[in-house]
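Asks: Here it is, the structure, as structure tokens.
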Amino acid sequence: SKVRGHSGGSAKAEHDQYGKSGMSGHTHRMASYYHTDYNGPHVWIELGLMGRIREDYVSHANWQQGFAVVTWSADKKRFGVEHVNVHDGKAFFRGQMYG
């Protein structure tokens with residue numbers, strides 16, 4: 001619900017609103033915002049764009065193609081996030097090229 005013009009800006013705005021960890025899609029950017037307070041560490045993730053970057057819609061769009069892989073602990077209390085960038089239709093993840 002909070003979209004900002006720069007990578008990480010939307011993630012910070014969402015974290016500031018909710019005060020806990022989360023993820024946002026549809027910002028068309030990839031970023032992470034980390035914050036630690038009395039309730040512990042938090043991270044808000046901007047997931048990126050899985051569609052085509054449309055230069056006919058916006059020239060020189062500040063958008064990033066990609067996605068995130070989330071791994072949860074067995075008790076669902078902890079998680080790890082790995083951003084995967086997509087460039088020219090190819091993604092490099094854990095030592096393997098995908099396209």
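Within each chain, counting starts at residue 1; across the structure tokens, chains are named A, B, ... in the order shown, with ligands numbered 1 upward in that order.
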Find the spatial neighbours of Gly89 of chain A, counting only C-alpha atoms, within a cut-off of 9 Å - ignore same-chain residues fewer than 3 positions away - and output them as a list in words.
Replies: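 The filter keeps Gln65, Val86, Tyr98 and Gly99 of chain A.
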Asks: With a distance cut-off of 8 Å and only C-alpha atoms, select the neighbouring residues of segment 35-45 of chain A, excluding the residue or stretch itself and same-chain residues fewer than 2 positions from it, and output the selection as a list in words.
Replies: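 Answer for this query is Ala11, Lys12, Glu14, His15, Lys20, Ser21, Gly22, Met23, Ser24, Met30, Ala31, Ser32, Tyr33 and Leu47 of chain A.
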Asks: Let me see the file: selected residues, N, CA and C atoms, as an mmCIF file, in the first residue's frame.
Replies:
data_model
loop_
_atom_site.group_PDB
_atom_site.id
_atom_site.type_symbol
_atom_site.label_atom_id
_atom_site.label_comp_id
_atom_site.auth_asym_id
_atom_site.auth_seq_id
_atom_site.Cartn_x
_atom_site.Cartn_y
_atom_site.Cartn_z
ATOM 1 N N ALA A 11 9.794 -0.444 1.083
ATOM 2 C CA ALA A 11 9.995 -1.380 2.194
ATOM 3 C C ALA A 11 10.059 -0.646 3.527
ATOM 4 N N LYS A 12 10.767 0.470 3.564
ATOM 5 C CA LYS A 12 10.845 1.254 4.805
ATOM 6 C C LYS A 12 9.479 1.805 5.194
ATOM 7 N N GLU A 14 6.495 0.605 4.458
ATOM 8 C CA GLU A 14 5.638 -0.487 4.940
ATOM 9 C C GLU A 14 6.049 -0.892 6.361
ATOM 10 N N HIS A 15 7.358 -1.024 6.596
ATOM 11 C CA HIS A 15 7.807 -1.375 7.945
ATOM 12 C C HIS A 15 7.391 -0.314 8.955
ATOM 13 N N LYS A 20 6.751 -4.405 11.830
ATOM 14 C CA LYS A 20 7.204 -5.794 11.875
ATOM 15 C C LYS A 20 7.657 -6.225 10.482
ATOM 16 N N SER A 21 8.110 -7.447 10.365
ATOM 17 C CA SER A 21 8.596 -7.954 9.086
ATOM 18 C C SER A 21 7.448 -8.211 8.121
ATOM 19 N N GLY A 22 7.775 -8.141 6.819
ATOM 20 C CA GLY A 22 6.786 -8.437 5.796
ATOM 21 C C GLY A 22 7.395 -8.347 4.411
ATOM 22 N N MET A 23 6.548 -8.517 3.415
ATOM 23 C CA MET A 23 6.976 -8.454 2.012
ATOM 24 C C MET A 23 5.941 -7.700 1.198
ATOM 25 N N SER A 24 6.439 -7.007 0.177
ATOM 26 C CA SER A 24 5.564 -6.272 -0.729
ATOM 27 C C SER A 24 5.842 -6.689 -2.161
ATOM 28 N N MET A 30 13.390 -4.173 -6.257
ATOM 29 C CA MET A 30 13.921 -5.178 -5.339
ATOM 30 C C MET A 30 14.723 -4.461 -4.263
ATOM 31 N N ALA A 31 14.442 -4.796 -3.024
ATOM 32 C CA ALA A 31 15.174 -4.164 -1.928
ATOM 33 C C ALA A 31 14.827 -4.849 -0.618
ATOM 34 N N SER A 32 15.616 -4.539 0.391
ATOM 35 C CA SER A 32 15.362 -4.989 1.755
ATOM 36 C C SER A 32 15.568 -3.811 2.686
ATOM 37 N N TYR A 33 14.743 -3.740 3.715
ATOM 38 C CA TYR A 33 14.906 -2.736 4.764
ATOM 39 C C TYR A 33 14.963 -3.483 6.090
ATOM 40 N N LEU A 47 9.778 -7.359 -3.485
ATOM 41 C CA LEU A 47 10.002 -8.592 -4.232
ATOM 42 C C LEU A 47 10.443 -8.422 -5.674
#
Asks: Near Gly80 of chain A, within 8 Å and counting only C-alpha atoms, which residues show up once chain neighbours fewer than 5 positions away are dropped, as a PDB file with all heavy atoms, in the first residue's frame?
Replies:
ATOM      1  N   VAL A  70      12.220 -17.661  -0.008  1.00  0.00           N
ATOM      2  CA  VAL A  70      12.117 -17.602   1.449  1.00  0.00           C
ATOM      3  C   VAL A  70      12.237 -19.018   2.010  1.00  0.00           C
ATOM      4  O   VAL A  70      11.559 -19.931   1.539  1.00  0.00           O
ATOM      5  CB  VAL A  70      10.768 -16.987   1.893  1.00  0.00           C
ATOM      6  CG1 VAL A  70      10.668 -16.951   3.405  1.00  0.00           C
ATOM      7  CG2 VAL A  70      10.598 -15.605   1.297  1.00  0.00           C
ATOM      8  N   THR A  71      13.112 -19.188   2.993  1.00  0.00           N
ATOM      9  CA  THR A  71      13.271 -20.467   3.673  1.00  0.00           C
ATOM     10  C   THR A  71      12.909 -20.265   5.136  1.00  0.00           C
ATOM     11  O   THR A  71      13.430 -19.358   5.785  1.00  0.00           O
ATOM     12  CB  THR A  71      14.725 -20.967   3.554  1.00  0.00           C
ATOM     13  OG1 THR A  71      15.081 -21.016   2.179  1.00  0.00           O
ATOM     14  CG2 THR A  71      14.874 -22.341   4.174  1.00  0.00           C
ATOM     15  N   TRP A  72      11.990 -21.099   5.630  1.00  0.00           N
ATOM     16  CA  TRP A  72      11.495 -20.990   7.005  1.00  0.00           C
ATOM     17  C   TRP A  72      12.111 -22.061   7.897  1.00  0.00           C
ATOM     18  O   TRP A  72      12.366 -23.183   7.460  1.00  0.00           O
ATOM     19  CB  TRP A  72       9.976 -21.171   7.031  1.00  0.00           C
ATOM     20  CG  TRP A  72       9.236 -19.996   6.503  1.00  0.00           C
ATOM     21  CD1 TRP A  72       8.853 -19.780   5.210  1.00  0.00           C
ATOM     22  CD2 TRP A  72       8.791 -18.871   7.244  1.00  0.00           C
ATOM     23  NE1 TRP A  72       8.197 -18.583   5.111  1.00  0.00           N
ATOM     24  CE2 TRP A  72       8.142 -18.004   6.344  1.00  0.00           C
ATOM     25  CE3 TRP A  72       8.883 -18.502   8.591  1.00  0.00           C
ATOM     26  CZ2 TRP A  72       7.581 -16.803   6.739  1.00  0.00           C
ATOM     27  CZ3 TRP A  72       8.317 -17.303   8.987  1.00  0.00           C
ATOM     28  CH2 TRP A  72       7.682 -16.473   8.062  1.00  0.00           C
TER      29      TRP A  72
END
Asks: Just want the 10 Å neighbourhood of Gly48 of chain A, counted on only C-alpha atoms, with same-chain residues fewer than 5 positions away dropped. Output as a short mmCIF file (atom, residue, chain, number, x, y, z; two decimals) with C-alpha atoms, in the first residue's frame.
Replies:
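Once everything was written out, this is selection-v4.cif:
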data_model
loop_
_atom_site.label_atom_id
_atom_site.label_comp_id
_atom_site.auth_asym_id
_atom_site.auth_seq_id
_atom_site.Cartn_x
_atom_site.Cartn_y
_atom_site.Cartn_z
CA SER A 7 14.52 0.92 -4.13
CA SER A 24 5.56 -6.27 -0.73
CA GLY A 25 4.89 -7.15 -4.32
CA HIS A 26 3.90 -4.82 -7.12
CA THR A 27 6.44 -2.12 -6.26
CA HIS A 28 8.49 -3.17 -9.34
CA ARG A 29 11.66 -2.83 -7.28
CA MET A 30 13.92 -5.18 -5.34
CA ALA A 31 15.17 -4.16 -1.93
CA TRP A 63 12.25 -1.23 -11.93
CA GLN A 64 14.04 -4.50 -11.30
CA GLN A 65 13.04 -7.92 -12.54
CA GLY A 66 13.43 -10.63 -9.92
CA PHE A 67 11.92 -12.48 -7.01
CA ALA A 68 12.76 -13.72 -3.53
CA HIS A 83 16.86 -12.09 -3.70
CA VAL A 84 17.21 -13.49 -7.22
CA ASN A 85 17.83 -10.89 -9.92
CA VAL A 86 16.59 -11.53 -13.44
#
Asks: In Å, with one decimal, what is the gap from atom CA of Glu82 of chain A to atom CA of Gly95 of chain A?
Replies: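 Going from atom CA of Glu82 of chain A over to atom CA of Gly95 of chain A, I get 13.1 Å.
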Asks: Work out how far atom CA of His6 of chain A is from atom CA of Ala61 of chain A, in Å to one decimal.
Replies: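 Atom CA of His6 of chain A lies at a distance of 10.7 Å from atom CA of Ala61 of chain A.
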Asks: Expressed in Å to a single decimal, how great is the separation between atom CA of Gly8 of chain A and atom CA of Val81 of chain A?
Replies: 15.0 Å
Asks: Which is closest to Lys90 of chain A among A:Gly5, A:His60, A:Glu55, A:Met50, if we use only C-alpha atoms?
Replies: A:Met50
Asks: Can you tell me, as an MDAnalysis selection string, which residues in chain A count as strand (DSSP E) by DSSP?
Replies: chainID A and resid 22:24 30:37 40:47 66:72 79:87 90:93 96:98
Asks: For the residues in that selection, give me N, CA and C atoms as a CSV table (one decimal), in the first residue's frame.
Replies:
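This went into part-v9.csv:
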chain,number,residue,atom,x,y,z
A,22,GLY,N,7.8,-8.1,6.8
A,22,GLY,CA,6.8,-8.4,5.8
A,22,GLY,C,7.4,-8.3,4.4
A,23,MET,N,6.5,-8.5,3.4
A,23,MET,CA,7.0,-8.5,2.0
A,23,MET,C,5.9,-7.7,1.2
A,24,SER,N,6.4,-7.0,0.2
A,24,SER,CA,5.6,-6.3,-0.7
A,24,SER,C,5.8,-6.7,-2.2
A,30,MET,N,13.4,-4.2,-6.3
A,30,MET,CA,13.9,-5.2,-5.3
A,30,MET,C,14.7,-4.5,-4.3
A,31,ALA,N,14.4,-4.8,-3.0
A,31,ALA,CA,15.2,-4.2,-1.9
A,31,ALA,C,14.8,-4.8,-0.6
A,32,SER,N,15.6,-4.5,0.4
A,32,SER,CA,15.4,-5.0,1.8
A,32,SER,C,15.6,-3.8,2.7
A,33,TYR,N,14.7,-3.7,3.7
A,33,TYR,CA,14.9,-2.7,4.8
A,33,TYR,C,15.0,-3.5,6.1
A,34,TYR,N,16.1,-3.3,6.8
A,34,TYR,CA,16.3,-4.0,8.1
A,34,TYR,C,16.1,-2.9,9.2
A,35,HIS,N,15.5,-3.4,10.4
A,35,HIS,CA,15.4,-2.5,11.5
A,35,HIS,C,15.3,-3.4,12.8
A,36,THR,N,16.0,-3.0,13.8
A,36,THR,CA,16.0,-3.7,15.1
A,36,THR,C,15.5,-2.8,16.2
A,37,ASP,N,14.5,-3.3,17.0
A,37,ASP,CA,14.0,-2.5,18.1
A,37,ASP,C,13.8,-3.4,19.3
A,40,GLY,N,12.9,-7.0,18.7
A,40,GLY,CA,13.9,-7.8,18.0
A,40,GLY,C,14.1,-7.3,16.5
A,41,PRO,N,14.8,-8.1,15.7
A,41,PRO,CA,15.1,-7.8,14.4
A,41,PRO,C,13.9,-7.9,13.4
A,42,HIS,N,13.8,-7.0,12.5
A,42,HIS,CA,12.7,-7.1,11.5
A,42,HIS,C,13.3,-6.8,10.1
A,43,VAL,N,12.7,-7.3,9.1
A,43,VAL,CA,13.1,-7.0,7.7
A,43,VAL,C,11.8,-6.9,6.8
A,44,TRP,N,11.8,-6.0,6.0
A,44,TRP,CA,10.7,-5.8,5.0
A,44,TRP,C,11.3,-6.0,3.6
A,45,ILE,N,10.7,-6.8,2.8
A,45,ILE,CA,11.3,-7.1,1.5
A,45,ILE,C,10.4,-6.6,0.3
A,46,GLU,N,11.1,-5.9,-0.6
A,46,GLU,CA,10.4,-5.6,-1.9
A,46,GLU,C,10.8,-6.7,-2.9
A,47,LEU,N,9.8,-7.4,-3.5
A,47,LEU,CA,10.0,-8.6,-4.2
A,47,LEU,C,10.4,-8.4,-5.7
A,66,GLY,N,12.9,-9.7,-10.9
A,66,GLY,CA,13.4,-10.6,-9.9
A,66,GLY,C,12.4,-11.1,-9.0
A,67,PHE,N,12.8,-11.9,-8.0
A,67,PHE,CA,11.9,-12.5,-7.0
A,67,PHE,C,12.7,-12.8,-5.8
A,68,ALA,N,12.1,-13.3,-4.8
A,68,ALA,CA,12.8,-13.7,-3.5
A,68,ALA,C,12.4,-15.2,-3.2
A,69,VAL,N,13.4,-15.9,-2.7
A,69,VAL,CA,13.2,-17.2,-2.2
A,69,VAL,C,13.3,-17.1,-0.6
A,70,VAL,N,12.2,-17.7,0.0
A,70,VAL,CA,12.1,-17.6,1.4
A,70,VAL,C,12.2,-19.0,2.0
A,71,THR,N,13.1,-19.2,3.0
A,71,THR,CA,13.3,-20.5,3.7
A,71,THR,C,12.9,-20.3,5.1
A,72,TRP,N,12.0,-21.1,5.6
A,72,TRP,CA,11.5,-21.0,7.0
A,72,TRP,C,12.1,-22.1,7.9
A,79,PHE,N,13.2,-17.0,9.5
A,79,PHE,CA,13.3,-17.2,8.0
A,79,PHE,C,14.5,-16.5,7.4
A,80,GLY,N,14.9,-17.0,6.3
A,80,GLY,CA,15.9,-16.4,5.5
A,80,GLY,C,15.4,-16.0,4.1
A,81,VAL,N,15.9,-14.9,3.6
A,81,VAL,CA,15.4,-14.4,2.3
A,81,VAL,C,16.6,-14.2,1.3
A,82,GLU,N,16.4,-14.7,0.1
A,82,GLU,CA,17.5,-14.6,-0.9
A,82,GLU,C,16.8,-13.9,-2.1
A,83,HIS,N,17.3,-12.8,-2.5
A,83,HIS,CA,16.9,-12.1,-3.7
A,83,HIS,C,17.5,-12.8,-4.9
A,84,VAL,N,16.7,-12.9,-6.0
A,84,VAL,CA,17.2,-13.5,-7.2
A,84,VAL,C,16.9,-12.5,-8.3
A,85,ASN,N,18.0,-11.9,-8.9
A,85,ASN,CA,17.8,-10.9,-9.9
A,85,ASN,C,17.6,-11.6,-11.3
A,86,VAL,N,16.8,-11.0,-12.1
A,86,VAL,CA,16.6,-11.5,-13.4
A,86,VAL,C,17.1,-10.4,-14.4
A,87,HIS,N,18.0,-10.8,-15.3
A,87,HIS,CA,18.5,-9.8,-16.2
A,87,HIS,C,18.6,-10.4,-17.6
A,90,LYS,N,17.6,-14.1,-17.7
A,90,LYS,CA,18.3,-15.1,-17.0
A,90,LYS,C,18.5,-14.7,-15.5
A,91,ALA,N,18.5,-15.8,-14.7
A,91,ALA,CA,18.7,-15.6,-13.3
A,91,ALA,C,19.8,-16.5,-12.8
A,92,PHE,N,20.6,-16.0,-11.9
A,92,PHE,CA,21.7,-16.8,-11.3
A,92,PHE,C,21.4,-17.1,-9.9
A,93,PHE,N,21.3,-18.3,-9.5
A,93,PHE,CA,20.8,-18.7,-8.1
A,93,PHE,C,21.6,-19.9,-7.6
A,96,GLN,N,23.8,-21.7,-10.1
A,96,GLN,CA,23.2,-22.2,-11.3
A,96,GLN,C,22.6,-21.1,-12.1
A,97,MET,N,22.8,-21.1,-13.4
A,97,MET,CA,22.1,-20.1,-14.3
A,97,MET,C,20.8,-20.7,-14.8
A,98,TYR,N,19.8,-19.9,-14.7
A,98,TYR,CA,18.4,-20.2,-15.2
A,98,TYR,C,18.0,-19.3,-16.2
